[in-house]
Amino acid sequence: MVTLIVLVLVVLFVAVVVARTIRIVPQATAVIVERLGRFSRTLDAGLHILIPFIDKVRATVDLREQVVSFPPQTVITSDNLVVSIDTVIYYQPTDPKAATYEIANFIQGIEQLTVTTLRNVVGSLDLEQTLTSRDQINGQLRGVLDDATGRWGIRVNRVELKAIDPPASVQDSMEKQMRAERDRRAAILNAEGLKQSQILTAEGEKQSQILRAEGQAQAAILRSQGEARAITQVFDAIHRGDPDPKLLAYQYLQTLPQIARGDANKVWIVPSELNDALKGFGSMFSAHGGAGDGRADGAGGNGATSARPRRAEGQVPVSDLEEPTLEDPAEALQRARAEAAGATREADHATRSTGQAPGA
């Protein structure tokens with residue numbers, strides 16, 4: 001029994017010795033080894049042999065970049081406002097020996113150094129600068145921390161401000177200010193839109209009036225040209241027919257009822273030319289009444305012939321007069337469109353000049 005106990009103790013002793021002798025270090029990890037209480041060496045990744053009960057592992061340092069988030073810290077700005085700031089630090093150990101022996105707890109040291117530096121930096125800024133100068137604050141914090149932690153064997157890669165929370169009253173005032181600013185911008189945009197719509201409406205009305213006026217003018221021109229041509233053709237036809245005074249008197253009598261037509265005509269004045277027309281008309285009936293008399297017929301024929309107007313020598317025939325020309329509607333429409341386009345360009349130029357006037 002005693003032999004068995006001794007054998008078990010020997011096996012346990014051997015196992016402890018082997019465990020203290022063989023040391024396997026993982027990748028991206030450094031092991032600080034002390035020999036008889038003094039620093040001996042730093043073990044890198046791999047298999048290492050230690051002297052049991054003489055060499056001792058003091059600390060194991062993780063060489064990877066690490067992230068630590070500190071609790072919110074209250075900071076007073078230059079305009080006496082208390083803000084709460086959360087910070088995030090990205091650091092990486094570069095010297096495991098210095099990180100172990102130069103400072104007892106480098107995480108706590110980085111935290112306290114960050115708080116004091118943050119209060120110094122933010123204390124020189126007002127609230128608005130603090131909210132809008134995060135990059136500047138991050139740069140200053142990183143410079144101070146990197147300089148202080150360099151002798152600790154720690155490199156600070158980045159410093160970020162996770163949140164900056166002003167007091168509730170200040171947040172309410174900022175929200176009201178932003179709301180008022182948005183309302184002002186909305187009112188300005190609505191006014192600009194209304195102004196632009198009114199300008200476009202006025203331009204449209206102007207262009208429509210210009211086109212309408214051009215159309216009416218072109219229609220009046222075409223109508224007058226058509227009436228002139230019709231009058232010329234009627235005049236030419238009358239002179240070609242060579243009418244006598246009796247026909248003209250008959251046409252005059254047919255026109256008299258149209259002159260007297262109308263409910264508002266209370267008094268009808270007989271023109272002085274009516275007597276001459278009646279005389280000519282009566283002579284026509286008297287000439288036809290003597291149809292049995294050959295002399296009367298001859299006289300009537302001679303009278304009709306003599307009553308017809310004859311052209312004087314050297315007078316230009318009516319048929320040789322120049323025909324009135326009627327403008328082509330397509331050409332007239334094209335010309336009206338060109339004039340309307342010119343008016344539109346003038347309106348656009350006037351609008352741009354008006355829009356540049358306030359800015360000038």
# chains A, B, ... in the order shown; residues from 1 in each chain; ligands from 1
>>> residues_around(residues="A:Asp126", least_positions_apart="4", cutoff="10 Å", atoms="only C-alpha atoms", output="list in words")
Ile76, Thr77, Ser78, Asp79, Asn80, Leu81, Val122, Thr130 and Leu131 of chain A
>>> residues_around(residues="stretch 46-58 of chain A", least_positions_apart="6", cutoff="6 Å", atoms="only C-alpha atoms", output="ChimeraX atom specification")
/A:17,20-25,32-36
>>> closest_residue(among="A:Arg119, A:Arg158, A:Arg64, A:Arg151", to="A:Ala99", atoms="only C-alpha atoms")
A:Arg151
>>> closest_residue(among="A:Arg212, A:Lys97, A:Arg142, A:Arg229", to="A:Leu118", atoms="only C-alpha atoms")
A:Arg142
>>> residues_around(residues="A:Asn120", least_positions_apart="5", cutoff="10 Å", atoms="only C-alpha atoms", output="list in words")
Val75, Ile76, Thr77, Thr114, Val115, Leu125 and Leu141 of chain A
>>> atom_distance(atom1="atom CA of A:Asp146", atom2="atom CA of A:Asp86")
19.0 Å
>>> atom_distance(atom1="atom CA of A:Lys162", atom2="atom CA of A:Ala98")
29.4 Å
>>> residues_around(residues="A:Gln140", least_positions_apart="4", cutoff="9 Å", atoms="only C-alpha atoms", output="list in words")
Thr117, Leu118, Val121, Asp135, Gln136, Val144 and Leu145 of chain A
>>> select_by_dssp(residues="stretch 82-126 of chain A", states="alpha helix (DSSP H)", output="list in words")
Pro96, Lys97, Ala98, Ala99, Thr100, Tyr101, Phe106, Ile107, Gln108, Gly109, Ile110, Glu111, Gln112, Leu113, Thr114, Val115, Thr116, Thr117, Leu118, Arg119, Asn120, Val121, Val122 and Gly123 of chain A
>>> atom_distance(atom1="atom CA of A:Thr100", atom2="atom CA of A:Gln66")
16.4 Å
